[in-house]
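Novice: One structure, as structure tokens, below. Some questions next.
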There are 2 protein chains.
Amino acid sequence: MHEPILDLALNGEQRAIGRLISYVENNGKEATEIMKKIYRRTGKAHVIGLTGSPGAGKSTMIACLINLFKAENKKVAVIAIDPTSPFTGGSILGDRVRMQEHVLNPNVFIRSMATRSYLGGISKETKNAVLILDACGYDVVIIETVGVGQTEIDIVKIADTVCLVLAPNMGDDVQIMKAGVMEIADVFIVNKSDLDGSTKMASILHGMLNILEKRTWNPKVSLVSSLNNTGFEEVKKIFLEHQKFIKTTKSGKEKRYIRQKEEIKLIFNEMLKTLIESNFKERINNEIIEDIINRKIDPYSVAETLINEIIK
Amino acid sequence: MHEPILDLALNGEQRAIGRLISYVENNGKEATEIMKKIYRRTGKAHVIGLTGSPGAGKSTMIACLINLFKAENKKVAVIAIDPTSPFTGGSILGDRVRMQEHVLNPNVFIRSMATRSYLGGISKETKNAVLILDACGYDVVIIETVGVGQTEIDIVKIADTVCLVLAPNMGDDVQIMKAGVMEIADVFIVNKSDLDGSTKMASILHGMLNILEKRTWNPKVSLVSSLNNTGFEEVKKIFLEHQKFIKTTKSGKEKRYIRQKEEIKLIFNEMLKTLIESNFKERINNEIIEDIINRKIDPYSVAETLINEIIK
């Protein structure tokens, strides 16, 4: 990569940032060198994970959030790894057009990312993109994921603040009772407050949160209407409160510590995987596989031998 | 584990087999020793992967298949890793009762397995269970998975014959056009032949298979009604034909070779993961993480150092 791109990106030049993210996505070995260089500049952005069922209105909500941050002269980046998101080209044209206005704003960066892992799970690529955007001066990085199963849990690994977006009359009232979901969200945003059932949904949420074990951060419930652009001042207040909680309180710091540990584990595993795959290719030859097929040896013993050869 | 359990299991004693599978599931280190012992006895069973959307009627179909094999005095085992399957307790009582008759038969073994990976993906535990059932004398091992995304692809790694179960009027006609699905199935079973639309679905399938690149095994399409227990003689014939194809033809053997390679890779990766996790725990201490949080060092350099310390 030409050094100027890195410099331009770190100076906030949008096209260079886009190219930098692509470059890191596609160049394994050199990516590490770039990430090493930029890492010390990271840690400033507020990373917000937005998860929820398709149709809950996540992307319209993001449009509202972008406006909110723009009004404060904050720089906002959105990474959409939800395959059904209009950002990633999965939805109706109307939605896409609605986003278009932001695309042209120099303080707003929008990126859709391929989901290399299953159904929008968090990949190394996403993690790296968040760090790059952070280093390049974005104050807020919003990650949009589709809220099913593993993703809801994985978003915790890279977001400071996890928001679960819900909408009434979508079966989401059942969804929220699913084990695991209640536990990870810091903020519950009930969208479509203009519709019947949203208030009831919010009170069910309040009720369930009361039953749950008390935590140092008590998850907040907020009612908004993305359609009418109402309720977002409240959401902004909650975001600021949660950001302060993470940065200043003991348990907020503990949470960050755990995330940092997950981050290094992710990086470590990825590096090791690359290394091992080349080793595996080299050492597991046709003869060994033939012997396993003919049951002359077993793959467990073969794997043990291979590991003893690689590991000190 | 008491040696007698292993001996009893290898002699076909059902309760012992169940306990052996549980034991291997729960005891990492010792599991390897057991798997080493039994591995040479494996490779005889016909492993059939049955995948398809919830509601396509997979479990009712399995009941029919069990009857089919029973009539030939074959021993059949079913591993259900579909969370929506009645075998795993996810469905209506009626289905469960229908299966009950088989549970009491000494030639039929039914096991539901927890899905440790996302949405019924193939785990090491499933792989080991298949090998155990094979070693313990089951002629046929059926693996039931819910057919979404990764699972459909992963089933190829452990099944000799991959069946995609489809039903009309379920949106499955769209489903089958999805990239990746057509390519991996050896047999397409259209269920509910008693319903309108099933014949049309079968002919769409035939049409699409004609467009696809010709392979040495031309996937078969079969129409059955699990409800009326019709069409299964044809399915049995296809199974036998495909089993013969795998065992005797050049490309069948190639397929088996690739699977064997995947198997050892899976085993190798699992072993390595265990090893790495303990190493990581030992070497990544609070101080290092604090330094990363304070951006004194970057996690990429830390990971590199760690790898250099572990790898020869």
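Labels used: A, B, ... for chains in the order of the structure tokens, numbers from 1 for residues in each chain, and numbers from 1 for ligands as shown.
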Please report as JSON lines every residue of region 206-296 of chain A lying within 8 Å of region 249-273 of chain B, along with the nearest atom pair and their distance in Å (one decimal), using only C-alpha atoms.
Specialist:
```
{"residue": "A:Phe280", "atom": "CA", "partner": "B:Lys265", "partner_atom": "CA", "distance": 7.8}
{"residue": "A:Ile289", "atom": "CA", "partner": "B:Lys261", "partner_atom": "CA", "distance": 6.5}
{"residue": "A:Glu290", "atom": "CA", "partner": "B:Tyr257", "partner_atom": "CA", "distance": 7.6}
{"residue": "A:Ile292", "atom": "CA", "partner": "B:Gln260", "partner_atom": "CA", "distance": 7.6}
{"residue": "A:Ile293", "atom": "CA", "partner": "B:Gln260", "partner_atom": "CA", "distance": 6.9}
```
Novice: Produce a file of the selected residues containing N, CA and C atoms, as a PDB file, in the first residue's frame.
Specialist:
```pdb
ATOM      1  N   PHE A 280      -0.472 -27.356   8.095  1.00  0.00           N
ATOM      2  CA  PHE A 280      -1.312 -28.518   7.845  1.00  0.00           C
ATOM      3  C   PHE A 280      -1.169 -28.965   6.392  1.00  0.00           C
ATOM      4  N   ILE A 289      -3.407 -39.676   4.502  1.00  0.00           N
ATOM      5  CA  ILE A 289      -4.865 -39.756   4.385  1.00  0.00           C
ATOM      6  C   ILE A 289      -5.295 -41.138   3.889  1.00  0.00           C
ATOM      7  N   GLU A 290      -4.548 -41.696   2.959  1.00  0.00           N
ATOM      8  CA  GLU A 290      -4.839 -43.065   2.493  1.00  0.00           C
ATOM      9  C   GLU A 290      -4.784 -44.048   3.665  1.00  0.00           C
ATOM     10  N   ILE A 292      -5.289 -43.408   6.757  1.00  0.00           N
ATOM     11  CA  ILE A 292      -6.452 -43.219   7.639  1.00  0.00           C
ATOM     12  C   ILE A 292      -7.678 -43.877   7.011  1.00  0.00           C
ATOM     13  N   ILE A 293      -7.862 -43.655   5.708  1.00  0.00           N
ATOM     14  CA  ILE A 293      -9.015 -44.250   5.018  1.00  0.00           C
ATOM     15  C   ILE A 293      -8.992 -45.776   5.157  1.00  0.00           C
TER      16      ILE A 293
END
```
Novice: So that I can check the secondary structure, give me every residue of region 109-300 of chain A assigned helix (DSSP H, G or I) by backbone DSSP, as a PDB file with C-alpha atoms, in the first residue's frame.
Specialist:
```pdb
ATOM      1  CA  TYR A 118     -22.596 -16.891   9.275  1.00  0.00           C
ATOM      2  CA  LEU A 119     -25.540 -14.474   9.318  1.00  0.00           C
ATOM      3  CA  GLY A 120     -23.834 -11.269  10.174  1.00  0.00           C
ATOM      4  CA  LYS A 124     -11.980  -9.993  12.165  1.00  0.00           C
ATOM      5  CA  GLU A 125     -12.691  -7.656   9.243  1.00  0.00           C
ATOM      6  CA  THR A 126     -15.428  -5.873  11.163  1.00  0.00           C
ATOM      7  CA  LYS A 127     -13.206  -5.524  14.190  1.00  0.00           C
ATOM      8  CA  ASN A 128     -10.417  -4.033  12.093  1.00  0.00           C
ATOM      9  CA  ALA A 129     -12.784  -1.626  10.334  1.00  0.00           C
ATOM     10  CA  VAL A 130     -14.015  -0.321  13.703  1.00  0.00           C
ATOM     11  CA  LEU A 131     -10.434   0.277  14.832  1.00  0.00           C
ATOM     12  CA  ILE A 132      -9.562   2.057  11.580  1.00  0.00           C
ATOM     13  CA  LEU A 133     -12.590   4.356  11.829  1.00  0.00           C
ATOM     14  CA  ASP A 134     -11.743   5.053  15.451  1.00  0.00           C
ATOM     15  CA  ALA A 135      -8.150   5.916  14.548  1.00  0.00           C
ATOM     16  CA  GLN A 150     -24.794 -15.729  17.960  1.00  0.00           C
ATOM     17  CA  THR A 151     -24.563 -12.199  16.569  1.00  0.00           C
ATOM     18  CA  GLU A 152     -26.452 -10.724  19.468  1.00  0.00           C
ATOM     19  CA  ILE A 153     -23.882 -12.237  21.775  1.00  0.00           C
ATOM     20  CA  ASP A 154     -20.851 -11.480  19.627  1.00  0.00           C
ATOM     21  CA  ILE A 155     -21.622  -7.795  19.280  1.00  0.00           C
ATOM     22  CA  VAL A 156     -20.704  -7.466  22.961  1.00  0.00           C
ATOM     23  CA  LYS A 157     -17.138  -8.280  22.020  1.00  0.00           C
ATOM     24  CA  ASP A 172     -40.467  -9.525  19.169  1.00  0.00           C
ATOM     25  CA  ASP A 173     -42.267  -9.859  22.498  1.00  0.00           C
ATOM     26  CA  VAL A 174     -41.404 -13.540  22.312  1.00  0.00           C
ATOM     27  CA  GLN A 175     -37.942 -12.811  20.987  1.00  0.00           C
ATOM     28  CA  VAL A 181     -30.694 -11.467  24.761  1.00  0.00           C
ATOM     29  CA  MET A 182     -31.882  -9.698  27.878  1.00  0.00           C
ATOM     30  CA  GLU A 183     -28.486 -10.194  29.461  1.00  0.00           C
ATOM     31  CA  ILE A 184     -26.368  -8.454  26.882  1.00  0.00           C
ATOM     32  CA  SER A 198     -45.183  -0.274  21.753  1.00  0.00           C
ATOM     33  CA  THR A 199     -46.001   1.060  25.211  1.00  0.00           C
ATOM     34  CA  LYS A 200     -47.042  -2.398  26.330  1.00  0.00           C
ATOM     35  CA  MET A 201     -43.789  -3.789  24.978  1.00  0.00           C
ATOM     36  CA  ALA A 202     -41.792  -1.216  26.879  1.00  0.00           C
ATOM     37  CA  SER A 203     -43.551  -2.076  30.113  1.00  0.00           C
ATOM     38  CA  ILE A 204     -43.006  -5.801  29.583  1.00  0.00           C
ATOM     39  CA  LEU A 205     -39.319  -5.001  29.154  1.00  0.00           C
ATOM     40  CA  HIS A 206     -39.276  -2.950  32.346  1.00  0.00           C
ATOM     41  CA  GLY A 207     -40.959  -5.819  34.160  1.00  0.00           C
ATOM     42  CA  MET A 208     -38.461  -8.369  32.924  1.00  0.00           C
ATOM     43  CA  LEU A 209     -35.483  -6.195  33.732  1.00  0.00           C
ATOM     44  CA  ASN A 210     -36.798  -5.895  37.273  1.00  0.00           C
ATOM     45  CA  ILE A 211     -36.813  -9.654  37.631  1.00  0.00           C
ATOM     46  CA  PHE A 232     -34.052  10.393  20.151  1.00  0.00           C
ATOM     47  CA  GLU A 233     -33.005  13.116  22.585  1.00  0.00           C
ATOM     48  CA  GLU A 234     -33.706  10.580  25.332  1.00  0.00           C
ATOM     49  CA  VAL A 235     -31.641   7.964  23.479  1.00  0.00           C
ATOM     50  CA  LYS A 236     -28.746  10.416  23.185  1.00  0.00           C
ATOM     51  CA  LYS A 237     -28.859  11.046  26.932  1.00  0.00           C
ATOM     52  CA  ILE A 238     -28.748   7.311  27.611  1.00  0.00           C
ATOM     53  CA  PHE A 239     -25.795   6.866  25.246  1.00  0.00           C
ATOM     54  CA  LEU A 240     -23.832   9.594  27.012  1.00  0.00           C
ATOM     55  CA  GLU A 241     -24.715   8.136  30.397  1.00  0.00           C
ATOM     56  CA  HIS A 242     -23.571   4.671  29.348  1.00  0.00           C
ATOM     57  CA  GLN A 243     -20.373   5.981  27.816  1.00  0.00           C
ATOM     58  CA  LYS A 244     -19.593   7.753  31.084  1.00  0.00           C
ATOM     59  CA  PHE A 245     -20.408   4.569  32.985  1.00  0.00           C
ATOM     60  CA  ILE A 246     -17.903   2.573  30.935  1.00  0.00           C
ATOM     61  CA  LYS A 247     -15.138   5.119  31.212  1.00  0.00           C
ATOM     62  CA  THR A 248     -15.426   6.043  34.865  1.00  0.00           C
ATOM     63  CA  LYS A 250     -15.182   0.217  38.298  1.00  0.00           C
ATOM     64  CA  SER A 251     -17.529  -2.241  36.615  1.00  0.00           C
ATOM     65  CA  GLY A 252     -17.453  -0.244  33.389  1.00  0.00           C
ATOM     66  CA  LYS A 253     -13.690  -0.635  33.408  1.00  0.00           C
ATOM     67  CA  GLU A 254     -14.026  -4.329  34.138  1.00  0.00           C
ATOM     68  CA  LYS A 255     -16.283  -4.679  31.132  1.00  0.00           C
ATOM     69  CA  ARG A 256     -13.690  -2.961  28.988  1.00  0.00           C
ATOM     70  CA  TYR A 257     -11.000  -5.222  30.390  1.00  0.00           C
ATOM     71  CA  ILE A 258     -12.961  -8.310  29.365  1.00  0.00           C
ATOM     72  CA  ARG A 259     -13.510  -6.892  25.894  1.00  0.00           C
ATOM     73  CA  GLN A 260      -9.847  -6.131  25.508  1.00  0.00           C
ATOM     74  CA  LYS A 261      -9.054  -9.699  26.460  1.00  0.00           C
ATOM     75  CA  GLU A 262     -11.528 -10.946  23.851  1.00  0.00           C
ATOM     76  CA  GLU A 263      -9.910  -8.676  21.289  1.00  0.00           C
ATOM     77  CA  ILE A 264      -6.441 -10.039  21.777  1.00  0.00           C
ATOM     78  CA  LYS A 265      -7.802 -13.575  21.792  1.00  0.00           C
ATOM     79  CA  LEU A 266      -9.484 -12.909  18.449  1.00  0.00           C
ATOM     80  CA  ILE A 267      -6.293 -11.493  16.962  1.00  0.00           C
ATOM     81  CA  PHE A 268      -4.214 -14.307  18.403  1.00  0.00           C
ATOM     82  CA  ASN A 269      -6.550 -16.987  17.060  1.00  0.00           C
ATOM     83  CA  GLU A 270      -6.614 -15.444  13.610  1.00  0.00           C
ATOM     84  CA  MET A 271      -2.834 -15.303  13.382  1.00  0.00           C
ATOM     85  CA  LEU A 272      -2.474 -18.828  14.607  1.00  0.00           C
ATOM     86  CA  LYS A 273      -5.086 -20.087  12.175  1.00  0.00           C
ATOM     87  CA  THR A 274      -3.170 -18.716   9.210  1.00  0.00           C
ATOM     88  CA  LEU A 275       0.031 -20.260  10.467  1.00  0.00           C
ATOM     89  CA  ILE A 276      -1.530 -23.624  11.145  1.00  0.00           C
ATOM     90  CA  GLU A 277      -3.283 -23.883   7.830  1.00  0.00           C
ATOM     91  CA  SER A 278      -0.034 -23.608   5.956  1.00  0.00           C
ATOM     92  CA  ASN A 279       1.590 -26.150   8.292  1.00  0.00           C
ATOM     93  CA  PHE A 280      -1.312 -28.518   7.845  1.00  0.00           C
ATOM     94  CA  LYS A 281      -1.104 -28.284   4.070  1.00  0.00           C
ATOM     95  CA  GLU A 282       2.600 -29.040   4.154  1.00  0.00           C
ATOM     96  CA  ARG A 283       2.540 -32.019   6.451  1.00  0.00           C
ATOM     97  CA  ASN A 286      -1.904 -38.178   0.462  1.00  0.00           C
ATOM     98  CA  GLU A 287      -0.171 -41.143   2.002  1.00  0.00           C
ATOM     99  CA  ILE A 288      -1.284 -40.259   5.526  1.00  0.00           C
ATOM    100  CA  ILE A 289      -4.865 -39.756   4.385  1.00  0.00           C
ATOM    101  CA  GLU A 290      -4.839 -43.065   2.493  1.00  0.00           C
ATOM    102  CA  ASP A 291      -3.626 -44.776   5.658  1.00  0.00           C
ATOM    103  CA  ILE A 292      -6.452 -43.219   7.639  1.00  0.00           C
ATOM    104  CA  ILE A 293      -9.015 -44.250   5.018  1.00  0.00           C
ATOM    105  CA  PRO A 299      -6.601 -39.321  12.745  1.00  0.00           C
ATOM    106  CA  TYR A 300      -6.401 -38.615  16.467  1.00  0.00           C
TER     107      TYR A 300
END
```
Novice: Would you mind reading off the distance between CA of Phe109 (chain B) and CA of Ile62 (chain B), one decimal, in Å?
Specialist: 12.3 Å
Novice: Just the residues within 6 Å of region 64-81 of chain B, please, counting only C-alpha atoms, with nothing from its chain fewer than 3 positions along; format it as number ranges by chain.
Specialist: B: 61, 107-113, 120, 138-145
Novice: Restricting the calculation to only C-alpha atoms, which member of B:Pro4, B:Thr32, B:Asn26, B:Ala159 is positioned closest to chain A?
Specialist: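 Distance minimum relative to chain A lands on B:Thr32.
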Novice: To one decimal place in Å, what is the distance between CA of Gly55 (chain A) and CA of Gly197 (chain A)?
Specialist: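 These atoms are spaced 15.7 Å apart.
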Novice: Taking the DSSP secondary structure from the backbone, can you list the residues of region 162-280 of chain A that are strand (DSSP E or B), as a list in words?
Specialist: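 Filtering region 162-280 of chain A to strand (DSSP E or B) leaves Val162, Cys163, Leu164, Val165, Leu166, Val187, Phe188, Ile189, Val190, Lys220, Val221, Ser222, Leu223, Ser225 and Thr230 of chain A.
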Novice: Go ahead and write the residues just picked, N, CA and C atoms, as a CSV table (one decimal), in the first residue's frame.
Specialist:
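Saved to part32.csv:
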```csv
chain,number,residue,atom,x,y,z
A,162,VAL,N,-24.4,-1.8,23.7
A,162,VAL,CA,-25.2,-2.7,22.9
A,162,VAL,C,-26.7,-2.3,23.0
A,163,CYS,N,-27.3,-2.0,21.8
A,163,CYS,CA,-28.7,-1.6,21.8
A,163,CYS,C,-29.5,-2.7,21.1
A,164,LEU,N,-30.5,-3.2,21.7
A,164,LEU,CA,-31.4,-4.1,21.1
A,164,LEU,C,-32.6,-3.3,20.6
A,165,VAL,N,-32.9,-3.3,19.3
A,165,VAL,CA,-34.0,-2.6,18.7
A,165,VAL,C,-35.2,-3.5,18.5
A,166,LEU,N,-36.3,-3.1,19.1
A,166,LEU,CA,-37.5,-4.0,19.0
A,166,LEU,C,-38.6,-3.2,18.4
A,187,VAL,N,-29.1,-1.1,26.3
A,187,VAL,CA,-30.2,-0.2,26.0
A,187,VAL,C,-31.2,-1.0,25.1
A,188,PHE,N,-32.5,-0.9,25.5
A,188,PHE,CA,-33.5,-1.5,24.7
A,188,PHE,C,-34.3,-0.3,24.0
A,189,ILE,N,-34.3,-0.3,22.7
A,189,ILE,CA,-35.0,0.8,22.1
A,189,ILE,C,-36.2,0.2,21.4
A,190,VAL,N,-37.4,0.6,21.9
A,190,VAL,CA,-38.6,0.1,21.2
A,190,VAL,C,-39.0,1.1,20.2
A,220,LYS,N,-31.5,0.4,30.2
A,220,LYS,CA,-32.5,1.4,30.0
A,220,LYS,C,-33.5,1.0,28.9
A,221,VAL,N,-34.7,1.4,29.0
A,221,VAL,CA,-35.7,1.2,27.9
A,221,VAL,C,-36.1,2.5,27.4
A,222,SER,N,-36.1,2.6,26.1
A,222,SER,CA,-36.5,3.9,25.5
A,222,SER,C,-37.5,3.7,24.3
A,223,LEU,N,-38.4,4.6,24.2
A,223,LEU,CA,-39.4,4.5,23.2
A,223,LEU,C,-39.2,5.5,22.1
A,225,SER,N,-39.9,6.9,17.8
A,225,SER,CA,-40.5,6.6,16.5
A,225,SER,C,-39.5,7.1,15.4
A,230,THR,N,-39.0,11.0,16.7
A,230,THR,CA,-39.2,11.5,18.1
A,230,THR,C,-38.6,10.5,19.1
```
Novice: Quick one: everything within 8 Å of Tyr39 (chain B), counting only C-alpha atoms, minus sequence neighbours fewer than 2 positions away in the same chain. Send it as a list of chain:residue names.
Specialist: A:Arg295, A:Asp298, B:Met35, B:Lys36, B:Lys37, B:Arg41, B:Thr42, B:Leu131, B:Ala135
